[in-house]
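Taking it in order: structure first as structure tokens, then the write-up.
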Amino acid sequence: SKATVSVLYWQGGRPPRDIKMGETEQMHAALLNSFNPNAQLRKQAEDFVMQASSMPGAVKAFYEIAAAGHVEVPVRQAAAIRLKRIIEKHDWNSEQSMKIVKEEEKTLMKGTILECVSNAPKAIQKQLLEVVRHIVSYDFPAKWPTLGNELAVFLKSNNMDKTVGALAILRKLVKRYEAWGKERRAAEVNDVTGAFFPLLVDMFEHVNRMGPNATESVAEIQKTLLKIFFSSNYNELTSCLKDSPELLDKWMTCLLFVFKQPLDPASLDEDSAAWKAKKWGGYVLKSFIEKGCGHKKADKTFVQKWYSKYGVPLVVACADLLEVTRTMSMPQKTACRLIYCLQLALGVQALHTPLAPRLDQLVQEILFPFLCFSDDDLELWTSNPHEYTRKSHSVSFESDFSSASVFSMTYVINLCTADGKYHDKNTIFRFLQFLDKVLNETTNMADLVQMKRRYGALICIGGLRSVLLGIPTVNKTLEQLVVTHVFPSYTSQFGFMRCNSIWVVSRFSKLQWTSAENFKTALNANLAMIRDTEMPVRIQAGMSIAKLVANKNAIDIIKPILGTLVQGMFTLMNEIDAEELVQTLEIIIGRYGEDLEKESIQICQELITHFLKITNGVFDTDEYDMEAIAAGERCLGTISALVSAVVEKGDTVTSLQVVCIPLLQRLLTSDYIEFFDETMKLITILTVYCRKIAPEFWVVYDSLHTAFMTYADDMTSALAPFDNFISKEPEVFLRSQDRIIKLGTLCEKMLTSGDMHERDVMIAPKLIEVLLQHAKPYTALLDPVVGTFYDYAFQRLNQPKTGNALKVLLCNVILNGLWYNAPLTLEYLERRGITATFFNGCFSLLSKYQKPSDLKVVVLGMVNTLGVGVSAPLPAFFTPDMVLRIANECLTLTMKRYEICLKIDETKIEEESEEDSEGPLGMGMFGGAGAGNFEDDDDDDDDDEDGMDENAFQILCQKAREQEDDYDDYDEEQEVWSVIDEVSEAAFMRDYLEQVRTGNPQLFQSFAAAANQTHLSSLTKAAEYGEKQAREATEANQDPVNFVS
């Protein structure tokens, strides 16, 4: 055999250091033996090829084998793949590449690769074209100036293989222009298209004249020509087409010919080049309509001329081409392109008007069949229900953008929601009449053909949900429509109809049911089908139940079977990995979690098991499974929802901490960085809702510290979990020197980093603030090391280019230290000789203090410092004048905070009043019901497959921007609990002044004479207000639920 003969050339072992010119036979033998049935010999051959791939001379050897027509095709293909991998591994002209690919080898390849591509079988040609693409990206045109002339020679050849090969290479050359910016691509693309487009369009015209029913090779040329045209004009029309109306006319005429070219059903299949040529024609037409014909919007004359001369005939040809689906099957991707072109035409009056008379026919007779249950659907449902379910609920690009049913439904929705400027407003009513007719004609529930059409009608009704809910006259009839036409399908013998009925009812879950019994019928049917005999029905039932459980009429049905329902959801989750199922469980837990306290530990364990199952191996390849990642994130979110649901049972939360330890330790490794945000959220919820932290859970603190010291770079997410670990049980935290040291190293990393964003650096002083405020009752535990934290703050404070916001937080570290232990902190400042520097620096920053929390820190820290002077001498910096200045500044800041807090209270009252005035439906965003908006705003947990009206979308974006702007100005720390919330700075100031008045009357009189009299007279009122706030904060802190809310 050939393998045996080849062994004579290759005896195994390690490859030579350099594969010389005469040793291509040895590489061929090794590649051939990589297919050997003898496992040991095959392994030796594979090892040889792998090691030899990095040796000089390997490129030439692989290239010669791939190009050799007498060599076995599998061996040639293996060589071509190896060649491609070597070439793509490095920059073609890099020093590393030059060690492997010699200059003479590059010259050899560039001089012969056009011939090789032309003569190679498709499987090998595909790999060689990738090699060309890589070389072109680095060498054309500067280092491969002859390529253009060589391509022109091949294109003019009478040899069909050479023509096809040259076109394929030219396509690789121009495709890279799609990713180029305008300035970079302008010169080169214009040179290339200027040189080739006249030649290519002549070729296009020539192949179009070769007969009404094109051969596969002719269709392949048409397809490639259209792909070249599409890539060359990807961003804008090339100069040669702008400057030559005759050339543009020729191209558009050829494009129209491709759309109109007859098809021979006997010679076509899904992969026929003839279908692909028409699909790429759709891409070209789509590009022209979407981008204003490739011209700037200001060139309206050209655009209108293109619409009338070319756009209308092309769009009409698209509609005509779709007519062939009456008699033959059209590939899904081709149909999608054509339907999308018609959808774009809806937005252009010049293109829409010629189609208007035939739209009802187009929708009812051409697009509606795409929405019906097809023979292919039935075959997949029967033979592979798991795959049918996966495709039906996939969120991938491929599933959504290659489905003619999705595009058909989108077209129908856009047609029915189009404005009335040049659209017929009665289109929706005529379509509803058509659907009613279909439903009345398909009442034989045992007739498969009728049920396939009925399926399509119900899909349309569910898809048009938002439109129907927005039409008052139709909205009133929807409940009866569901009862009459959907409920009977609950008991259909066909699984796809049962599945369809559940989906439709879930689409109308927020319908205002006039009959509670009708709703209960729908809910009970959905619950029953979670145990259906057919998998797609069970999965759809599990997903749809989420839309129904929030209804008030569901409570009496759901509560008695809650445990069974949750277990049923886990059973479904074990059948298929679907984010929607986990989302359903999250919604159930969010709605009924307080009744799941007994089952919460088991539910959490099962969620963890499910998470580990669906994420197993998800990061083992370069291309992550995004659906598995999304499902994993939802799973972690569901665990967080479970913890939130049982918050009133503080001991249960502590038990859940222990259950989650192994999961969190795994999540806090760099392998799971994709889940980092959800991990931080889960840790935060587990620590904020508990009454105490389980002793075992402190290992999570250690893992958290390791994560932020190694790979985690979003320091803003560190604040909440570290804050909770410190504040929940401060004494437990402080009794571990290791924990304090780890917090210190983390703060040091943030404060000493030279390349970290200042937003992230700000987390360090905030964490030190939390530590100091909670350590006040336990000074003996922190005093020995507190100076280290002060050092970090001053080290960063002295750096240039430190923003004012960060300076405020760094000053707060020392001010919190003065509140924590004023004598010790003053001793630190004096020992370093920076007392005056620090206080004068604080005075210069006081105008930057705007947040109530920061103002409180200043007052408490400085007044506590002055309080030291009541019973002991202060450092020399604190002269009587300086004491008066500090006291006056503190009084001013106290009253400033008081006024801010009063304004915040007033704003909250106004917001609550506005919320009450919106009514129970809360439809204030778009002006309420009946405002012409067809979106179902209340359905906040629904999918968005209906699309959105452009005006509504713009309003929503504006609202989002306004909310972002508001957030920038909003004091988020007002909503974050702090231990000093239990102290009134105004009362503290009042009490200090009372001490001064009785202990040092002269100083008090000096202060009273210099103080703002309005502030002084209002201090008592401010103190009463502050004491009330402090009492409320203390009471809230007694209960984790109230504390968080």
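Note on naming: chains are A, B, ... as they come in the structure tokens, residues start from 1 per chain, ligands start from 1 in the order shown.
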
TODO: List the neighbours of segment 200-203 of chain A out to 7 Å using only C-alpha atoms; skip same-chain residues closer than 3 positions along the sequence, and give me the result as a PyMOL selection string.
DONE: chain A and resi 196-197+206-207+250-251

At most 9 Å is the cut-off: for each residue in segment 863-907 of chain A with any atom that close to an atom of segment 1020-1034 of chain A, write down the nearest atom pair and the distance in Å rounded to one decimal, counting only C-alpha atoms, chain first then increasing number, as CSV.
```
residue,atom,partner,partner_atom,distance
A:Thr894,CA,A:Ala1022,CA,8.2
A:Met895,CA,A:Ala1022,CA,7.2
A:Tyr898,CA,A:Ala1022,CA,6.2
A:Glu899,CA,A:Ala1022,CA,8.9
```

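Atom to atom, atom CA of Val101 of chain A and atom CA of Val59 of chain A stand 6.3 Å apart.
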
- [ ] Please identify which residues in segment 398-634 of chain A DSSP calls alpha helix (DSSP H) from the backbone, and express them as an NGL selection string.
- [x] :A and (398-401 or 404-417 or 427-441 or 448-463 or 465-469 or 472-475 or 478-481 or 495-507 or 516-528 or 535-548 or 555-558 or 562-575 or 579-592 or 600-614 or 626-634)

Keeping only C-alpha atoms, take the residues you just selected and write them out as a compact mmCIF listing (two decimals), in the first residue's frame.
```
# COMPACT_ATOMS: atom_id res chain seq x y z
CA GLU A 398 -27.47 31.93 13.31
CA SER A 399 -30.86 30.84 14.64
CA ASP A 400 -32.45 34.30 14.44
CA PHE A 401 -30.93 35.58 11.21
CA ALA A 404 -37.51 32.86 7.20
CA SER A 405 -40.27 32.59 9.80
CA VAL A 406 -38.54 35.20 12.01
CA PHE A 407 -38.08 37.58 9.07
CA SER A 408 -41.65 37.01 7.87
CA MET A 409 -43.09 37.77 11.30
CA THR A 410 -40.91 40.87 11.61
CA TYR A 411 -42.11 42.08 8.22
CA VAL A 412 -45.76 41.57 9.19
CA ILE A 413 -45.26 43.44 12.48
CA ASN A 414 -43.51 46.35 10.76
CA LEU A 415 -46.18 46.50 8.08
CA CYS A 416 -48.96 46.53 10.67
CA THR A 417 -47.29 49.17 12.83
CA THR A 427 -53.70 46.58 6.66
CA ILE A 428 -53.82 45.17 10.18
CA PHE A 429 -57.60 44.70 10.04
CA ARG A 430 -57.47 42.93 6.67
CA PHE A 431 -54.75 40.66 8.02
CA LEU A 432 -56.84 39.90 11.11
CA GLN A 433 -59.76 39.00 8.85
CA PHE A 434 -57.46 36.63 7.00
CA LEU A 435 -56.30 35.02 10.26
CA ASP A 436 -59.92 34.67 11.42
CA LYS A 437 -60.72 32.92 8.15
CA VAL A 438 -57.80 30.53 8.61
CA LEU A 439 -58.84 29.72 12.17
CA ASN A 440 -62.43 29.03 11.12
CA GLU A 441 -61.24 26.83 8.24
CA LEU A 448 -52.49 17.42 10.34
CA VAL A 449 -52.60 19.70 7.28
CA GLN A 450 -55.18 21.98 8.90
CA MET A 451 -53.23 22.07 12.17
CA LYS A 452 -50.07 23.23 10.39
CA ARG A 453 -51.95 26.23 9.01
CA ARG A 454 -53.71 26.86 12.32
CA TYR A 455 -50.29 26.89 13.97
CA GLY A 456 -49.24 29.70 11.64
CA ALA A 457 -52.36 31.76 12.40
CA LEU A 458 -51.81 31.47 16.15
CA ILE A 459 -48.12 32.35 15.75
CA CYS A 460 -49.20 35.56 14.00
CA ILE A 461 -51.66 36.43 16.75
CA GLY A 462 -49.01 35.91 19.43
CA GLY A 463 -46.41 37.81 17.42
CA ARG A 465 -49.53 40.91 20.70
CA SER A 466 -48.34 44.48 21.22
CA VAL A 467 -50.23 45.70 18.17
CA LEU A 468 -53.45 44.00 19.22
CA LEU A 469 -53.26 45.22 22.81
CA PRO A 472 -58.99 49.22 21.94
CA THR A 473 -61.62 47.55 19.74
CA VAL A 474 -59.42 44.48 19.29
CA ASN A 475 -58.16 44.43 22.87
CA LEU A 478 -58.66 39.09 22.87
CA GLU A 479 -59.77 37.05 25.87
CA GLN A 480 -62.62 35.51 23.89
CA LEU A 481 -60.24 34.89 20.97
CA GLY A 495 -47.55 18.13 20.37
CA PHE A 496 -46.61 21.17 18.31
CA MET A 497 -50.14 22.54 18.74
CA ARG A 498 -50.05 22.04 22.51
CA CYS A 499 -46.70 23.81 22.55
CA ASN A 500 -48.11 26.59 20.38
CA SER A 501 -51.12 27.13 22.64
CA ILE A 502 -48.95 27.58 25.75
CA TRP A 503 -46.75 30.12 23.97
CA VAL A 504 -49.69 32.19 22.68
CA VAL A 505 -51.37 32.38 26.09
CA SER A 506 -48.08 33.40 27.71
CA ARG A 507 -47.81 36.24 25.19
CA ALA A 516 -60.77 34.45 36.74
CA GLU A 517 -61.88 30.97 35.66
CA ASN A 518 -60.47 31.52 32.16
CA PHE A 519 -57.12 32.49 33.63
CA LYS A 520 -57.12 29.49 35.96
CA THR A 521 -57.88 27.21 33.01
CA ALA A 522 -54.84 28.61 31.20
CA LEU A 523 -52.60 28.32 34.26
CA ASN A 524 -53.70 24.75 35.10
CA ALA A 525 -53.16 23.67 31.49
CA ASN A 526 -49.69 25.17 31.52
CA LEU A 527 -48.84 23.46 34.80
CA ALA A 528 -50.10 20.12 33.51
CA MET A 535 -40.05 17.27 25.40
CA PRO A 536 -40.62 20.53 23.42
CA VAL A 537 -44.02 20.90 25.09
CA ARG A 538 -42.56 20.42 28.55
CA ILE A 539 -39.81 22.95 27.96
CA GLN A 540 -42.19 25.54 26.52
CA ALA A 541 -44.52 25.02 29.48
CA GLY A 542 -41.63 25.57 31.88
CA MET A 543 -40.66 28.80 30.13
CA SER A 544 -44.20 30.12 29.77
CA ILE A 545 -45.23 29.60 33.40
CA ALA A 546 -43.05 32.59 34.30
CA LYS A 547 -45.52 34.91 32.55
CA LEU A 548 -48.50 33.64 34.54
CA ILE A 555 -51.58 32.53 44.14
CA ASP A 556 -54.18 29.99 45.30
CA ILE A 557 -53.10 27.55 42.58
CA ILE A 558 -49.34 27.94 42.89
CA LEU A 562 -44.94 25.28 45.04
CA GLY A 563 -42.43 22.62 46.09
CA THR A 564 -43.56 20.27 43.32
CA LEU A 565 -43.38 23.07 40.77
CA VAL A 566 -39.83 23.97 41.75
CA GLN A 567 -38.74 20.34 41.50
CA GLY A 568 -40.45 20.13 38.13
CA MET A 569 -38.40 23.09 36.97
CA PHE A 570 -35.20 21.38 38.04
CA THR A 571 -36.25 18.30 36.09
CA LEU A 572 -36.68 20.42 32.97
CA MET A 573 -33.35 22.18 33.58
CA ASN A 574 -31.68 18.77 33.64
CA GLU A 575 -33.23 17.96 30.26
CA GLU A 579 -31.48 30.38 30.27
CA GLU A 580 -35.25 30.88 30.06
CA LEU A 581 -35.92 27.91 32.38
CA VAL A 582 -33.55 29.30 35.00
CA GLN A 583 -35.22 32.68 34.55
CA THR A 584 -38.60 31.07 35.21
CA LEU A 585 -37.29 29.55 38.43
CA GLU A 586 -35.87 32.94 39.43
CA ILE A 587 -39.27 34.57 38.87
CA ILE A 588 -41.06 31.87 40.88
CA ILE A 589 -38.59 32.29 43.74
CA GLY A 590 -38.87 36.06 43.58
CA ARG A 591 -42.67 35.82 43.75
CA TYR A 592 -43.10 32.97 46.26
CA SER A 600 -34.18 26.85 50.37
CA ILE A 601 -31.06 24.83 51.26
CA GLN A 602 -32.00 22.02 48.87
CA ILE A 603 -32.93 24.49 46.11
CA CYS A 604 -29.61 26.27 46.52
CA GLN A 605 -27.69 22.99 46.33
CA GLU A 606 -29.55 21.98 43.17
CA LEU A 607 -28.91 25.38 41.59
CA ILE A 608 -25.22 25.02 42.33
CA THR A 609 -25.19 21.55 40.80
CA HIS A 610 -26.98 22.86 37.73
CA PHE A 611 -24.55 25.76 37.40
CA LEU A 612 -21.54 23.43 37.53
CA LYS A 613 -23.16 21.16 34.96
CA ILE A 614 -23.97 23.83 32.37
CA MET A 626 -22.30 32.23 25.14
CA GLU A 627 -25.64 30.50 25.71
CA ALA A 628 -24.12 28.40 28.51
CA ILE A 629 -22.53 31.53 30.00
CA ALA A 630 -25.88 33.36 29.88
CA ALA A 631 -27.61 30.40 31.54
CA GLY A 632 -24.87 30.28 34.18
CA GLU A 633 -25.28 33.99 34.95
CA ARG A 634 -29.02 33.49 35.27
```

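If you measure from each of A:Ser871, A:Cys842, A:Met715, A:Leu818 to Leu797 of chain A using only C-alpha atoms, the closest one turns out to be A:Cys842.
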
- [ ] In Å, rounded to a single decimal, give me how far atom CA of Ile221 of chain A is from atom CA of Lys260 of chain A.
- [x] 16.5 Å

TODO: Compile the contact shell of Lys43 of chain A as a PyMOL selection string: residues with an atom at most 12 Å away, counting only C-alpha atoms, same-chain residues fewer than 3 positions apart removed.
DONE: chain A and resi 12-13+30-40+46-50

Output N, CA and C atoms for every residue in the selection just made, as a CSV table (one decimal), in the first residue's frame.
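Produced file result39.csv, reproduced below:
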```csv
chain,number,residue,atom,x,y,z
A,12,GLY,N,9.9,7.3,11.2
A,12,GLY,CA,9.5,7.8,12.5
A,12,GLY,C,10.6,8.6,13.1
A,13,GLY,N,10.4,8.9,14.4
A,13,GLY,CA,11.4,9.6,15.2
A,13,GLY,C,11.2,11.1,15.0
A,30,ALA,N,5.0,11.3,6.3
A,30,ALA,CA,4.5,11.5,7.6
A,30,ALA,C,3.0,11.9,7.6
A,31,LEU,N,2.6,12.8,6.7
A,31,LEU,CA,1.2,13.2,6.5
A,31,LEU,C,0.3,12.0,6.2
A,32,LEU,N,0.9,11.1,5.2
A,32,LEU,CA,0.1,10.0,4.8
A,32,LEU,C,-0.1,9.0,6.0
A,33,ASN,N,1.0,8.8,6.8
A,33,ASN,CA,0.8,7.9,7.9
A,33,ASN,C,0.0,8.5,9.1
A,34,SER,N,-0.3,9.8,9.0
A,34,SER,CA,-1.2,10.3,10.0
A,34,SER,C,-2.6,9.8,9.8
A,35,PHE,N,-2.9,9.1,8.7
A,35,PHE,CA,-4.2,8.5,8.5
A,35,PHE,C,-4.1,6.9,8.7
A,36,ASN,N,-2.9,6.4,9.1
A,36,ASN,CA,-2.7,5.0,9.2
A,36,ASN,C,-3.5,4.4,10.3
A,37,PRO,N,-4.2,3.2,10.0
A,37,PRO,CA,-5.0,2.6,11.0
A,37,PRO,C,-4.2,2.1,12.2
A,38,ASN,N,-2.9,1.9,12.1
A,38,ASN,CA,-2.1,1.5,13.2
A,38,ASN,C,-1.9,2.7,14.1
A,39,ALA,N,-2.4,2.6,15.3
A,39,ALA,CA,-2.5,3.8,16.2
A,39,ALA,C,-1.1,4.2,16.6
A,40,GLN,N,-0.2,3.3,16.8
A,40,GLN,CA,1.2,3.7,17.2
A,40,GLN,C,1.9,4.5,16.1
A,46,GLU,N,1.9,11.9,13.6
A,46,GLU,CA,1.3,13.2,14.0
A,46,GLU,C,2.3,14.0,14.8
A,47,ASP,N,3.1,13.3,15.7
A,47,ASP,CA,4.1,14.0,16.5
A,47,ASP,C,5.2,14.6,15.6
A,48,PHE,N,5.6,13.8,14.6
A,48,PHE,CA,6.6,14.3,13.6
A,48,PHE,C,6.1,15.6,12.9
A,49,VAL,N,4.9,15.5,12.4
A,49,VAL,CA,4.3,16.7,11.6
A,49,VAL,C,4.2,17.9,12.6
A,50,MET,N,3.8,17.7,13.8
A,50,MET,CA,3.6,18.8,14.7
A,50,MET,C,5.0,19.4,15.0
```

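For the set A:Glu534, A:Thr442, A:Asn233, A:Cys747, the residue with the smallest atom-to-atom gap to Ala179 of chain A is A:Asn233, counting only C-alpha atoms.
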
Open item on the list: What's around Gly833 of chain A at 12 Å? Count only C-alpha atoms, leave out sequence neighbours fewer than 5 positions away in its own chain, and write the answer as a PyMOL selection string.
Closed with: chain A and resi 826-828+838-839+875-877

Output C-alpha atoms for every residue in the selection just made, as a JSON list (two decimals), in the first residue's frame.
```json
[["chain", "number", "residue", "atom", "x", "y", "z"],
["A", 826, "LEU", "CA", -3.16, 63.61, 66.51],
["A", 827, "GLU", "CA", -0.06, 61.88, 67.84],
["A", 828, "TYR", "CA", 0.50, 60.38, 64.36],
["A", 838, "PHE", "CA", -3.21, 68.41, 56.95],
["A", 839, "PHE", "CA", -5.68, 70.82, 58.54],
["A", 875, "PRO", "CA", -0.93, 70.37, 69.95],
["A", 876, "ALA", "CA", 0.57, 73.79, 69.39],
["A", 877, "PHE", "CA", -1.18, 74.17, 66.02]]
```

Can I get the residues of segment 668-737 of chain A within 10 Å of segment 764-768 of chain A, each with the closest pair of atoms and their distance in Å to one decimal, using only C-alpha atoms, sorted chain first then ascending number, as a Markdown table?
```
| residue | atom | partner | partner_atom | distance |
| --- | --- | --- | --- | --- |
| A:Met715 | CA | A:Ala764 | CA | 8.7 |
| A:Thr716 | CA | A:Ala764 | CA | 9.5 |
| A:Ala718 | CA | A:Leu767 | CA | 9.1 |
| A:Leu719 | CA | A:Leu767 | CA | 6.6 |
| A:Ala720 | CA | A:Leu767 | CA | 9.2 |
| A:Phe722 | CA | A:Leu767 | CA | 7.4 |
| A:Asp723 | CA | A:Leu767 | CA | 6.5 |
| A:Ile726 | CA | A:Leu767 | CA | 8.9 |
```

- [ ] Using only C-alpha atoms, determine which residues lie at most 9 Å from segment 127-134 of chain A, disregarding the query and same-chain residues fewer than 4 positions distant; provide the list as number ranges by chain.
- [x] A: 66, 77, 80-81, 83-85, 87-88, 91-92, 110, 113-114, 116-117, 120, 122-123, 138-139, 168-169, 172-173, 176
